[in-house]
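Engineer: Got a structure for you, written out below as structure tokens; questions coming shortly.
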Amino acid sequence: MDFQKDSYGNELRLKAIEKFDLISNLEQLEEFKSELLGRKGSITDLIKNISTLPSDQKKDAGKNANLIKIFFQDLIQEKFDDYTSTDAEESNPTLDFSLPGRRKSHGSFHPTTVVVREITKVFTEMGFDLAEGPEVELDEYNFQKLNIPIDHPARDMWNTLWVDTTSDVNIQPLLLRTHTSPMQIRLMEKQNPPIRVIVPGKTYRYEATDATHEWQFCQVEGLVVDKGITFAHLKSTLEEFAQNMFGQKRKARFRCDFFPFVEPGAEVSIDCFKCDGDRDGCKVCSFTGWIEIMGAGMVHPEVLKGVGYDPEIYSGFAFGMGAERISMLRNGIDDVRLFYSNDLRFLKQFS
Ligand code: FA5
């Protein structure tokens with residue numbers, strides 16, 4: 001490059017940039033560097049020639065030449081780094097194409113979803129409809145309309161998580177529903193008999209957790225109302241359900257129980273999957289041989305009256321079961337806390 005007449009190096013700079021843009025490999029870059037900055041390079045000459053300039057030009061010309069030198073040193077170094085790092089990667093690749101590919105992990109349904117679908121299938125095949133309802137519920141539906149007035153001791157059966165509504169006096173007491181039974185009322189208020197429906201959904205209780213108690217779990221409610229419905233319908237429906245879910249081996253047991261919204265009420269249990277209902281029992285069934293799976297009973301006449309049905313004409317039955325407990329029985333799971341502890345080793349077994 002001959003830019004000797006260009007004593008301030010401006011022309012040299014422009015032409016060198018044009019040439020730099022055409023460089024496409026390391027060899028050309030080395031050549032460019034030597035032409036510019038080598039012993040006989042154009043920038044080296046430019047700097048040497050400064051001493052021959054008139055003294056009033058020396059200072060500016062020197063400053064300019066230095067800036068040009070630094071500019072090209074940086075530019076060349078940057079390009080050099082680009083080329084050498086690419087070369088290094090090619091000779092020592094970080095990708096090993098011989099390694100087997102990574103398996104894509106597919107999500108799967110949560111075990112509670114799986115069991116709710118199974119329960120739903122059994123009942124829909126028997127002709128039940130499906131409904132859902134709110135998880136944040138009014139006291140009125142969770143308790144009062146289910147024949148559990150304010151301050152009634154039966155409320156102690158459901159350890160309740162209340163929603164703080166103290167800041168707004170116009171709002172009725174709100175809670176996280178302790179069971180899916182409020183949907184009995186909501187559905188009966190909306191439609192006339194015949195009703196044959198199941199309602200799966202999340203429920204919440206202020207519980208001390210243990211192997212069979214969680215503070216958040218899922219229930220499936222069932223409600224049938226029509227003319228002439230008797231306890232025999234309740235028993236045969238739930239026996240049919242038990243046989244479909246657990247096979248012929250498991251036995252169902254109906255014992256008197258108290259729920260304020262049914263009369264008579266029953267506790268439905270199944271013999272323990274762990275000890276097969278052995279006389280001495282085991283830890284899972286609290287040494288009784290039986291595991292309670294649901295509460296049930298004939299819809300209380302007061303509840304029917306409350307929603308405007310005439311109990312002399314209509315009767316019905318209702319039941320409510322814990323979905324996780326059904327899954328525990330079906331899958332031999334001995335601790336309900338596994339469902340919501342987010343351990344993938346447990347959850348993946350239900351893929
Ligand atoms: C009720 O909640 C009633 N609403 C059921 C009912 C409906 C009775 C209709 C009559 C007519 P109970 O509190 O027993 O009842 O709960 C029902 C089922 O939910 C239990 O059998 C159990 O399987 C499950 N369950 C209750 N508490 C827990 C808990 N803390 N953790 C996991 N499952 C639970």
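Order determines the names: the first chain of the structure tokens is A, the second B, and so forth; residues in each chain are numbered 1 upward, and ligands are numbered 1 upward as they are shown.
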So which residues touch Phe231 of chain A within 10 Å, counting only C-alpha atoms, skipping near sequence neighbours fewer than 2 positions away, as a short mmCIF file (atom, residue, chain, number, x, y, z; two decimals) with all heavy atoms, in the first residue's frame?

Structural biologist:
data_model
loop_
_atom_site.label_atom_id
_atom_site.label_comp_id
_atom_site.auth_asym_id
_atom_site.auth_seq_id
_atom_site.Cartn_x
_atom_site.Cartn_y
_atom_site.Cartn_z
N ILE A 229 -87.23 -43.10 45.13
CA ILE A 229 -85.83 -43.55 45.36
C ILE A 229 -85.71 -44.03 46.81
O ILE A 229 -86.14 -43.35 47.74
CB ILE A 229 -84.84 -42.40 45.10
CG1 ILE A 229 -84.90 -41.91 43.66
CG2 ILE A 229 -83.41 -42.82 45.46
CD1 ILE A 229 -84.39 -42.88 42.61
N HIS A 233 -81.73 -48.47 46.36
CA HIS A 233 -81.06 -47.89 45.18
C HIS A 233 -79.65 -47.43 45.54
O HIS A 233 -78.70 -47.63 44.78
CB HIS A 233 -81.86 -46.70 44.63
CG HIS A 233 -83.19 -47.09 44.06
ND1 HIS A 233 -84.40 -46.70 44.61
CD2 HIS A 233 -83.50 -47.84 42.98
CE1 HIS A 233 -85.39 -47.21 43.90
NE2 HIS A 233 -84.87 -47.89 42.90
N LEU A 234 -79.56 -46.79 46.72
CA LEU A 234 -78.25 -46.32 47.19
C LEU A 234 -77.26 -47.49 47.30
O LEU A 234 -76.15 -47.45 46.77
CB LEU A 234 -78.41 -45.64 48.56
CG LEU A 234 -77.18 -45.49 49.43
CD1 LEU A 234 -76.20 -44.50 48.83
CD2 LEU A 234 -77.56 -45.04 50.83
N LYS A 235 -77.73 -48.56 47.98
CA LYS A 235 -76.85 -49.69 48.24
C LYS A 235 -76.41 -50.37 46.93
O LYS A 235 -75.22 -50.65 46.73
CB LYS A 235 -77.59 -50.70 49.13
CG LYS A 235 -76.74 -51.18 50.26
CD LYS A 235 -77.46 -52.14 51.16
CE LYS A 235 -76.42 -53.13 51.66
NZ LYS A 235 -76.97 -54.34 52.17
N SER A 236 -77.38 -50.59 46.06
CA SER A 236 -77.02 -51.31 44.82
C SER A 236 -76.11 -50.46 43.93
O SER A 236 -75.18 -50.98 43.31
CB SER A 236 -78.28 -51.73 44.05
OG SER A 236 -79.02 -50.58 43.71
N THR A 237 -76.34 -49.14 43.93
CA THR A 237 -75.48 -48.27 43.10
C THR A 237 -74.04 -48.30 43.62
O THR A 237 -73.08 -48.43 42.85
CB THR A 237 -76.00 -46.81 43.12
OG1 THR A 237 -77.35 -46.81 42.69
CG2 THR A 237 -75.18 -45.91 42.22
N PRO A 264 -81.60 -41.93 56.66
CA PRO A 264 -80.46 -42.30 57.47
C PRO A 264 -79.14 -42.06 56.74
O PRO A 264 -79.11 -41.99 55.51
CB PRO A 264 -80.68 -43.80 57.71
CG PRO A 264 -81.42 -44.26 56.51
CD PRO A 264 -82.29 -43.11 56.09
N GLY A 265 -78.08 -41.99 57.54
CA GLY A 265 -76.74 -41.81 56.97
C GLY A 265 -75.92 -43.08 57.11
O GLY A 265 -76.20 -43.91 57.98
N GLY A 297 -76.07 -41.56 52.22
CA GLY A 297 -77.35 -41.58 52.93
C GLY A 297 -78.48 -41.07 52.06
O GLY A 297 -78.26 -40.64 50.92
N MET A 298 -79.68 -41.10 52.65
CA MET A 298 -80.87 -40.60 51.94
C MET A 298 -80.98 -39.09 52.19
O MET A 298 -80.86 -38.65 53.35
CB MET A 298 -82.14 -41.30 52.46
CG MET A 298 -82.13 -42.81 52.30
SD MET A 298 -81.84 -43.34 50.59
CE MET A 298 -83.35 -42.82 49.80
N SER A 315 -87.76 -38.26 46.72
CA SER A 315 -86.73 -38.71 47.68
C SER A 315 -85.44 -38.91 46.88
O SER A 315 -85.45 -38.92 45.65
CB SER A 315 -87.16 -40.03 48.34
OG SER A 315 -87.40 -40.99 47.33
N GLY A 316 -84.35 -39.05 47.62
CA GLY A 316 -83.08 -39.20 46.90
C GLY A 316 -81.99 -39.73 47.79
O GLY A 316 -82.16 -39.84 49.00
N PHE A 317 -80.87 -40.08 47.18
CA PHE A 317 -79.70 -40.45 47.99
C PHE A 317 -78.49 -39.65 47.51
O PHE A 317 -78.47 -39.13 46.38
CB PHE A 317 -79.43 -41.96 47.96
CG PHE A 317 -78.99 -42.53 46.63
CD1 PHE A 317 -77.66 -42.48 46.22
CD2 PHE A 317 -79.92 -43.18 45.81
CE1 PHE A 317 -77.26 -43.03 45.02
CE2 PHE A 317 -79.53 -43.73 44.59
CZ PHE A 317 -78.19 -43.66 44.19
#

Engineer: Distance limit 8 Å, reference ligand 1, atoms considered: only C-alpha atoms and all ligand atoms. Which residues make the cut? Give them as a short mmCIF file (atom, residue, chain, number, x, y, z; two decimals) with all heavy atoms, in the first residue's frame.

Structural biologist:
data_model
loop_
_atom_site.label_atom_id
_atom_site.label_comp_id
_atom_site.auth_asym_id
_atom_site.auth_seq_id
_atom_site.Cartn_x
_atom_site.Cartn_y
_atom_site.Cartn_z
N MET A 157 -67.28 -31.40 62.50
CA MET A 157 -66.88 -32.54 61.67
C MET A 157 -66.01 -32.09 60.50
O MET A 157 -65.32 -32.88 59.88
CB MET A 157 -68.12 -33.24 61.09
CG MET A 157 -68.98 -33.95 62.14
SD MET A 157 -70.61 -34.37 61.48
CE MET A 157 -70.25 -35.67 60.33
N TRP A 158 -66.12 -30.81 60.15
CA TRP A 158 -65.35 -30.29 59.01
C TRP A 158 -64.47 -29.13 59.48
O TRP A 158 -64.94 -28.01 59.64
CB TRP A 158 -66.30 -29.82 57.89
CG TRP A 158 -67.03 -30.97 57.28
CD1 TRP A 158 -66.57 -31.78 56.29
CD2 TRP A 158 -68.33 -31.46 57.63
NE1 TRP A 158 -67.50 -32.75 56.00
CE2 TRP A 158 -68.60 -32.58 56.81
CE3 TRP A 158 -69.30 -31.07 58.55
CZ2 TRP A 158 -69.78 -33.29 56.88
CZ3 TRP A 158 -70.48 -31.80 58.62
CH2 TRP A 158 -70.70 -32.89 57.79
N THR A 178 -65.30 -27.53 52.32
CA THR A 178 -64.74 -28.66 53.06
C THR A 178 -65.18 -29.99 52.47
O THR A 178 -64.66 -31.04 52.83
CB THR A 178 -65.20 -28.60 54.53
OG1 THR A 178 -66.63 -28.59 54.54
CG2 THR A 178 -64.67 -27.36 55.22
N HIS A 179 -66.17 -29.92 51.59
CA HIS A 179 -66.66 -31.12 50.90
C HIS A 179 -67.39 -30.68 49.62
O HIS A 179 -67.60 -29.48 49.41
CB HIS A 179 -67.59 -31.97 51.80
CG HIS A 179 -68.70 -31.22 52.48
ND1 HIS A 179 -69.67 -31.83 53.23
CD2 HIS A 179 -69.01 -29.90 52.50
CE1 HIS A 179 -70.50 -30.92 53.70
NE2 HIS A 179 -70.13 -29.75 53.27
N THR A 180 -67.72 -31.63 48.78
CA THR A 180 -68.39 -31.27 47.52
C THR A 180 -69.92 -31.24 47.70
O THR A 180 -70.65 -30.91 46.76
CB THR A 180 -68.01 -32.26 46.39
OG1 THR A 180 -67.94 -33.58 46.94
CG2 THR A 180 -66.69 -31.90 45.75
N SER A 181 -70.39 -31.51 48.91
CA SER A 181 -71.84 -31.55 49.16
C SER A 181 -72.58 -30.24 48.85
O SER A 181 -73.77 -30.30 48.50
CB SER A 181 -72.13 -32.00 50.60
OG SER A 181 -71.60 -33.28 50.80
N TYR A 204 -60.99 -28.76 50.84
CA TYR A 204 -59.93 -28.28 51.74
C TYR A 204 -60.35 -28.42 53.20
O TYR A 204 -61.49 -28.12 53.54
CB TYR A 204 -59.64 -26.80 51.46
CG TYR A 204 -59.31 -26.52 50.01
CD1 TYR A 204 -60.32 -26.36 49.07
CD2 TYR A 204 -57.99 -26.43 49.60
CE1 TYR A 204 -60.03 -26.12 47.74
CE2 TYR A 204 -57.68 -26.18 48.27
CZ TYR A 204 -58.70 -26.03 47.34
OH TYR A 204 -58.40 -25.80 46.03
N ARG A 205 -59.41 -28.87 54.03
CA ARG A 205 -59.70 -28.93 55.47
C ARG A 205 -58.49 -28.54 56.29
O ARG A 205 -57.35 -28.80 55.88
CB ARG A 205 -60.15 -30.34 55.87
CG ARG A 205 -61.53 -30.64 55.33
CD ARG A 205 -62.08 -31.93 55.85
NE ARG A 205 -63.21 -32.33 54.99
CZ ARG A 205 -63.90 -33.43 55.12
NH1 ARG A 205 -63.62 -34.26 56.10
NH2 ARG A 205 -64.90 -33.71 54.30
N GLU A 207 -56.51 -29.65 58.51
CA GLU A 207 -56.20 -30.96 59.08
C GLU A 207 -54.76 -31.05 59.60
O GLU A 207 -53.86 -30.43 59.01
CB GLU A 207 -56.29 -32.05 58.00
CG GLU A 207 -57.65 -32.33 57.43
CD GLU A 207 -58.45 -33.30 58.26
OE1 GLU A 207 -58.11 -33.53 59.43
OE2 GLU A 207 -59.44 -33.82 57.73
N THR A 209 -52.01 -33.42 59.12
CA THR A 209 -51.89 -34.47 58.10
C THR A 209 -51.25 -35.74 58.68
O THR A 209 -50.41 -35.68 59.58
CB THR A 209 -51.06 -33.99 56.89
OG1 THR A 209 -49.80 -33.56 57.36
CG2 THR A 209 -51.74 -32.83 56.19
N THR A 212 -53.38 -40.95 56.15
CA THR A 212 -54.70 -41.00 55.48
C THR A 212 -55.42 -39.64 55.47
O THR A 212 -56.56 -39.56 55.03
CB THR A 212 -55.61 -42.05 56.16
OG1 THR A 212 -55.60 -41.83 57.57
CG2 THR A 212 -55.16 -43.46 55.87
N HIS A 213 -54.75 -38.59 55.93
CA HIS A 213 -55.39 -37.27 55.93
C HIS A 213 -54.50 -36.21 55.30
O HIS A 213 -53.36 -36.04 55.73
CB HIS A 213 -55.72 -36.82 57.37
CG HIS A 213 -56.78 -37.64 58.00
ND1 HIS A 213 -56.51 -38.81 58.66
CD2 HIS A 213 -58.12 -37.47 58.05
CE1 HIS A 213 -57.64 -39.33 59.11
NE2 HIS A 213 -58.64 -38.54 58.75
N GLU A 214 -55.03 -35.53 54.31
CA GLU A 214 -54.36 -34.38 53.70
C GLU A 214 -55.17 -33.14 54.01
O GLU A 214 -56.35 -33.24 54.36
CB GLU A 214 -54.28 -34.56 52.17
CG GLU A 214 -52.90 -34.91 51.64
CD GLU A 214 -51.84 -33.85 51.87
OE1 GLU A 214 -52.16 -32.78 52.42
OE2 GLU A 214 -50.68 -34.09 51.51
N TRP A 215 -54.57 -31.96 53.85
CA TRP A 215 -55.35 -30.73 54.08
C TRP A 215 -56.07 -30.31 52.80
O TRP A 215 -57.04 -29.59 52.84
CB TRP A 215 -54.47 -29.61 54.62
CG TRP A 215 -53.51 -29.07 53.63
CD1 TRP A 215 -52.24 -29.52 53.38
CD2 TRP A 215 -53.74 -27.99 52.72
NE1 TRP A 215 -51.67 -28.79 52.37
CE2 TRP A 215 -52.57 -27.84 51.95
CE3 TRP A 215 -54.82 -27.14 52.47
CZ2 TRP A 215 -52.45 -26.88 50.95
CZ3 TRP A 215 -54.70 -26.18 51.47
CH2 TRP A 215 -53.52 -26.06 50.73
N GLN A 216 -55.59 -30.80 51.67
CA GLN A 216 -56.29 -30.55 50.40
C GLN A 216 -56.40 -31.89 49.67
O GLN A 216 -55.40 -32.59 49.52
CB GLN A 216 -55.51 -29.56 49.55
CG GLN A 216 -56.19 -29.18 48.25
CD GLN A 216 -55.49 -29.74 47.03
OE1 GLN A 216 -54.35 -29.38 46.74
NE2 GLN A 216 -56.15 -30.64 46.32
N PHE A 217 -57.58 -32.24 49.31
CA PHE A 217 -57.79 -33.51 48.63
C PHE A 217 -58.98 -33.36 47.68
O PHE A 217 -59.51 -32.26 47.52
CB PHE A 217 -58.03 -34.64 49.66
CG PHE A 217 -59.15 -34.37 50.63
CD1 PHE A 217 -60.40 -34.95 50.46
CD2 PHE A 217 -58.97 -33.53 51.72
CE1 PHE A 217 -61.43 -34.68 51.34
CE2 PHE A 217 -60.00 -33.26 52.61
CZ PHE A 217 -61.24 -33.83 52.42
N CYS A 218 -59.35 -34.46 47.05
CA CYS A 218 -60.40 -34.36 46.04
C CYS A 218 -61.56 -35.28 46.44
O CYS A 218 -61.33 -36.39 46.93
CB CYS A 218 -59.80 -34.81 44.72
SG CYS A 218 -60.85 -34.50 43.33
N GLN A 219 -62.75 -34.78 46.28
CA GLN A 219 -63.93 -35.62 46.55
C GLN A 219 -64.74 -35.81 45.27
O GLN A 219 -64.67 -34.99 44.35
CB GLN A 219 -64.82 -34.97 47.60
CG GLN A 219 -64.32 -35.11 49.02
CD GLN A 219 -65.35 -34.74 50.07
OE1 GLN A 219 -66.35 -34.08 49.78
NE2 GLN A 219 -65.11 -35.14 51.29
N GLU A 221 -68.75 -36.25 44.63
CA GLU A 221 -70.08 -36.24 45.22
C GLU A 221 -71.04 -36.94 44.26
O GLU A 221 -70.87 -36.86 43.04
CB GLU A 221 -70.53 -34.77 45.40
CG GLU A 221 -71.78 -34.58 46.22
CD GLU A 221 -71.45 -34.62 47.71
OE1 GLU A 221 -70.27 -34.62 48.08
OE2 GLU A 221 -72.41 -34.67 48.50
N GLY A 222 -72.04 -37.59 44.80
CA GLY A 222 -73.07 -38.18 43.94
C GLY A 222 -74.44 -37.79 44.47
O GLY A 222 -74.63 -37.66 45.69
N LEU A 223 -75.38 -37.54 43.57
CA LEU A 223 -76.74 -37.17 44.00
C LEU A 223 -77.75 -37.77 43.02
O LEU A 223 -77.62 -37.63 41.81
CB LEU A 223 -76.88 -35.64 44.03
CG LEU A 223 -78.28 -35.10 44.34
CD1 LEU A 223 -78.66 -35.36 45.81
CD2 LEU A 223 -78.37 -33.60 44.04
N PHE A 259 -74.55 -37.70 59.18
CA PHE A 259 -74.27 -36.49 58.42
C PHE A 259 -75.57 -35.69 58.45
O PHE A 259 -76.63 -36.25 58.12
CB PHE A 259 -73.90 -36.80 56.96
CG PHE A 259 -72.65 -37.63 56.82
CD1 PHE A 259 -72.73 -39.00 56.66
CD2 PHE A 259 -71.40 -37.04 56.85
CE1 PHE A 259 -71.59 -39.78 56.53
CE2 PHE A 259 -70.25 -37.81 56.72
CZ PHE A 259 -70.34 -39.18 56.56
N PHE A 261 -77.12 -33.77 56.65
CA PHE A 261 -77.92 -33.57 55.43
C PHE A 261 -78.49 -34.86 54.85
O PHE A 261 -79.07 -34.85 53.76
CB PHE A 261 -77.10 -32.82 54.37
CG PHE A 261 -75.63 -33.22 54.37
CD1 PHE A 261 -75.19 -34.24 53.54
CD2 PHE A 261 -74.73 -32.58 55.19
CE1 PHE A 261 -73.85 -34.60 53.54
CE2 PHE A 261 -73.38 -32.94 55.20
CZ PHE A 261 -72.94 -33.95 54.38
N VAL A 262 -78.29 -35.99 55.56
CA VAL A 262 -78.91 -37.25 55.11
C VAL A 262 -79.59 -37.94 56.29
O VAL A 262 -79.19 -37.78 57.44
CB VAL A 262 -77.87 -38.21 54.46
CG1 VAL A 262 -77.46 -37.74 53.09
CG2 VAL A 262 -76.67 -38.42 55.36
N GLY A 265 -78.08 -41.99 57.54
CA GLY A 265 -76.74 -41.81 56.97
C GLY A 265 -75.92 -43.08 57.11
O GLY A 265 -76.20 -43.91 57.98
N ALA A 266 -74.92 -43.24 56.25
CA ALA A 266 -74.09 -44.45 56.31
C ALA A 266 -72.63 -44.12 56.03
O ALA A 266 -72.32 -43.19 55.30
CB ALA A 266 -74.59 -45.46 55.27
N GLU A 267 -71.78 -44.92 56.67
CA GLU A 267 -70.36 -44.86 56.35
C GLU A 267 -70.07 -46.09 55.50
O GLU A 267 -70.44 -47.20 55.89
CB GLU A 267 -69.55 -44.90 57.65
CG GLU A 267 -68.06 -45.05 57.46
CD GLU A 267 -67.40 -45.68 58.68
OE1 GLU A 267 -67.14 -44.94 59.64
OE2 GLU A 267 -67.16 -46.90 58.64
N VAL A 268 -69.49 -45.88 54.33
CA VAL A 268 -69.20 -47.01 53.45
C VAL A 268 -67.71 -47.31 53.52
O VAL A 268 -66.89 -46.41 53.33
CB VAL A 268 -69.62 -46.70 52.00
CG1 VAL A 268 -69.45 -47.94 51.11
CG2 VAL A 268 -71.04 -46.18 51.94
N GLU A 292 -62.41 -46.65 55.42
CA GLU A 292 -63.62 -45.90 55.06
C GLU A 292 -63.37 -45.20 53.73
O GLU A 292 -62.33 -44.57 53.53
CB GLU A 292 -63.86 -44.88 56.18
CG GLU A 292 -64.90 -43.86 55.89
CD GLU A 292 -64.55 -42.50 56.51
OE1 GLU A 292 -63.90 -42.47 57.58
OE2 GLU A 292 -64.91 -41.50 55.88
N ILE A 293 -64.28 -45.34 52.78
CA ILE A 293 -64.07 -44.66 51.50
C ILE A 293 -65.11 -43.57 51.21
O ILE A 293 -64.89 -42.71 50.38
CB ILE A 293 -64.02 -45.62 50.28
CG1 ILE A 293 -65.29 -46.48 50.23
CG2 ILE A 293 -62.75 -46.42 50.27
CD1 ILE A 293 -65.53 -47.07 48.84
N MET A 294 -66.23 -43.64 51.86
CA MET A 294 -67.19 -42.57 51.60
C MET A 294 -68.29 -42.51 52.65
O MET A 294 -68.51 -43.44 53.42
CB MET A 294 -67.81 -42.71 50.21
CG MET A 294 -68.71 -43.90 49.99
SD MET A 294 -69.49 -43.80 48.38
CE MET A 294 -68.51 -44.95 47.44
N GLY A 295 -68.95 -41.34 52.66
CA GLY A 295 -70.15 -41.17 53.45
C GLY A 295 -71.33 -41.15 52.49
O GLY A 295 -71.19 -40.74 51.33
N ALA A 296 -72.49 -41.60 52.97
CA ALA A 296 -73.65 -41.67 52.07
C ALA A 296 -74.93 -41.61 52.89
O ALA A 296 -74.90 -41.60 54.13
CB ALA A 296 -73.60 -42.96 51.26
N GLY A 297 -76.07 -41.56 52.22
CA GLY A 297 -77.35 -41.58 52.93
C GLY A 297 -78.48 -41.07 52.06
O GLY A 297 -78.26 -40.64 50.92
N MET A 298 -79.68 -41.10 52.65
CA MET A 298 -80.87 -40.60 51.94
C MET A 298 -80.98 -39.09 52.19
O MET A 298 -80.86 -38.65 53.35
CB MET A 298 -82.14 -41.30 52.46
CG MET A 298 -82.13 -42.81 52.30
SD MET A 298 -81.84 -43.34 50.59
CE MET A 298 -83.35 -42.82 49.80
N VAL A 299 -81.18 -38.31 51.14
CA VAL A 299 -81.22 -36.85 51.29
C VAL A 299 -82.27 -36.47 52.34
O VAL A 299 -83.43 -36.94 52.29
CB VAL A 299 -81.55 -36.17 49.93
CG1 VAL A 299 -81.55 -34.65 50.10
CG2 VAL A 299 -80.54 -36.58 48.87
N PHE A 317 -80.87 -40.08 47.18
CA PHE A 317 -79.70 -40.45 47.99
C PHE A 317 -78.49 -39.65 47.51
O PHE A 317 -78.47 -39.13 46.38
CB PHE A 317 -79.43 -41.96 47.96
CG PHE A 317 -78.99 -42.53 46.63
CD1 PHE A 317 -77.66 -42.48 46.22
CD2 PHE A 317 -79.92 -43.18 45.81
CE1 PHE A 317 -77.26 -43.03 45.02
CE2 PHE A 317 -79.53 -43.73 44.59
CZ PHE A 317 -78.19 -43.66 44.19
N ALA A 318 -77.53 -39.55 48.42
CA ALA A 318 -76.30 -38.82 48.10
C ALA A 318 -75.12 -39.56 48.69
O ALA A 318 -75.27 -40.34 49.64
CB ALA A 318 -76.37 -37.41 48.68
N PHE A 319 -73.96 -39.34 48.10
CA PHE A 319 -72.74 -39.94 48.65
C PHE A 319 -71.56 -39.02 48.34
O PHE A 319 -71.63 -38.18 47.43
CB PHE A 319 -72.48 -41.35 48.08
CG PHE A 319 -72.45 -41.41 46.57
CD1 PHE A 319 -71.26 -41.21 45.87
CD2 PHE A 319 -73.61 -41.67 45.85
CE1 PHE A 319 -71.24 -41.27 44.49
CE2 PHE A 319 -73.59 -41.73 44.46
CZ PHE A 319 -72.41 -41.53 43.77
N GLY A 320 -70.50 -39.15 49.11
CA GLY A 320 -69.30 -38.36 48.86
C GLY A 320 -68.09 -39.17 49.23
O GLY A 320 -67.99 -39.69 50.35
N MET A 321 -67.16 -39.32 48.25
CA MET A 321 -65.98 -40.17 48.52
C MET A 321 -64.69 -39.38 48.31
O MET A 321 -64.68 -38.38 47.59
CB MET A 321 -65.98 -41.39 47.61
CG MET A 321 -65.74 -41.07 46.15
SD MET A 321 -65.92 -42.53 45.11
CE MET A 321 -67.67 -42.52 44.79
N GLY A 322 -63.62 -39.83 48.94
CA GLY A 322 -62.31 -39.23 48.76
C GLY A 322 -61.60 -39.90 47.59
O GLY A 322 -61.35 -41.10 47.63
N ALA A 323 -61.29 -39.11 46.56
CA ALA A 323 -60.70 -39.69 45.34
C ALA A 323 -59.33 -40.32 45.63
O ALA A 323 -59.02 -41.41 45.13
CB ALA A 323 -60.55 -38.61 44.27
N GLU A 324 -58.50 -39.65 46.46
CA GLU A 324 -57.17 -40.18 46.74
C GLU A 324 -57.26 -41.52 47.45
O GLU A 324 -56.47 -42.42 47.19
CB GLU A 324 -56.35 -39.20 47.59
CG GLU A 324 -55.93 -37.93 46.87
CD GLU A 324 -57.03 -36.89 46.81
OE1 GLU A 324 -58.11 -37.13 47.39
OE2 GLU A 324 -56.84 -35.83 46.19
N ARG A 325 -58.24 -41.63 48.34
CA ARG A 325 -58.36 -42.91 49.06
C ARG A 325 -58.75 -44.04 48.11
O ARG A 325 -58.33 -45.17 48.28
CB ARG A 325 -59.37 -42.79 50.19
CG ARG A 325 -58.70 -42.17 51.37
CD ARG A 325 -59.45 -42.36 52.65
NE ARG A 325 -58.95 -41.36 53.58
CZ ARG A 325 -59.55 -41.00 54.67
NH1 ARG A 325 -60.70 -41.56 55.00
NH2 ARG A 325 -59.03 -40.09 55.46
N ILE A 326 -59.55 -43.71 47.11
CA ILE A 326 -59.91 -44.73 46.12
C ILE A 326 -58.65 -45.14 45.36
O ILE A 326 -58.40 -46.33 45.13
CB ILE A 326 -60.97 -44.17 45.12
CG1 ILE A 326 -62.21 -43.66 45.84
CG2 ILE A 326 -61.32 -45.21 44.06
CD1 ILE A 326 -63.07 -44.70 46.50
N VAL A 336 -51.29 -40.93 51.84
CA VAL A 336 -51.99 -39.96 50.99
C VAL A 336 -51.12 -38.74 50.71
O VAL A 336 -51.29 -38.05 49.69
CB VAL A 336 -53.34 -39.55 51.64
CG1 VAL A 336 -53.13 -38.70 52.88
CG2 VAL A 336 -54.23 -38.80 50.66
#

Engineer: What parts of segment 122-257 of chain A does DSSP call strand (DSSP E or B)? I'd like the answer as an NGL selection string.

Structural biologist: :A and (129-130 or 136-138 or 161-163 or 174-176 or 195-204 or 210 or 213 or 216-227 or 252-257)

Engineer: Return as an MDAnalysis selection string the full set of residues in segment 111-332 of chain A whose backbone-based DSSP assignment is helix (DSSP H, G or I).

Structural biologist: chainID A and resid 111:125 139:142 144:146 153:157 182:190 231:246 301:306 323:331

Engineer: Got a sec: who's within 12 Å of Asp156 of chain A, counting only C-alpha atoms, leaving out chain neighbours fewer than 2 positions off, as a PyMOL selection string?

Structural biologist: chain A and resi 143+148-154+158-160+178+205-207+259-260

Engineer: Nearest to Asn147 of chain A: which of A:Phe339, A:Lys104, A:Val307, A:Ile43 is it, counting only C-alpha atoms?

Structural biologist: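 Of A:Phe339, A:Lys104, A:Val307, A:Ile43, the one nearest Asn147 of chain A is A:Val307, counting only C-alpha atoms.
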
Engineer: Just checking: using only C-alpha atoms, which residue out of A:Val224, A:Asp60, A:Asn192, A:Leu329 ends up closest to Asp129 of chain A?

Structural biologist: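 Distance minimum relative to Asp129 of chain A lands on A:Val224.
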
Engineer: From the set A:Ser286, A:Ser98, A:Gln184, A:Thr84, which residue has the shortest atom-to-atom contact distance to Glu132 of chain A, counting only C-alpha atoms?

Structural biologist: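 Looking at the shortest contact to Glu132 of chain A, the residue is A:Gln184.
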
Engineer: List as a PyMOL selection string the protein and nucleic acid residues near Glu118 of chain A, meaning an atom at most 12 Å away when only C-alpha atoms are counted, but skip any in the same chain fewer than 4 places from it.

Structural biologist: chain A and resi 111-114+122-125+200+220+241-242+244-246+323-324+326-327+330

Engineer: Rounded to one decimal, what separation in Å do you get between atom CA of Lys15 of chain A and atom CA of Ser51 of chain A?

Structural biologist: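 One can read the atom CA of Lys15 of chain A to atom CA of Ser51 of chain A distance as 23.5 Å.
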
Engineer: Have a look at atom CA of Asp210 of chain A and atom CA of Gly281 of chain A and let me know their distance in Å, one decimal.

Structural biologist: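 Calculated distance between atom CA of Asp210 of chain A and atom CA of Gly281 of chain A is 18.0 Å.
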
Engineer: Quick one: residues within 8 Å of Lys227 of chain A, only C-alpha atoms, excluding same-chain residues fewer than 4 positions away - as a ChimeraX atom specification?

Structural biologist: /A:194,313-315

Engineer: Quick one: distance from atom CA of Arg253 of chain A to atom CA of Gly289 of chain A in Å, one decimal?

Structural biologist: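 These two atoms are separated by 11.3 Å.
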
Engineer: Nearest to Glu312 of chain A among A:Asp56, A:Asp74, A:Asp334, A:Asp226, with distances taken over only C-alpha atoms: which residue is it?

Structural biologist: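 The answer is A:Asp226, which sits nearest to Glu312 of chain A.
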
Engineer: Go through A:Tyr141, A:Phe346, A:Tyr83, A:Tyr8 and flag the residue nearest Val303 of chain A, using only C-alpha atoms for the distances.

Structural biologist: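 The shortest atom-to-atom distance to Val303 of chain A comes from A:Tyr141.
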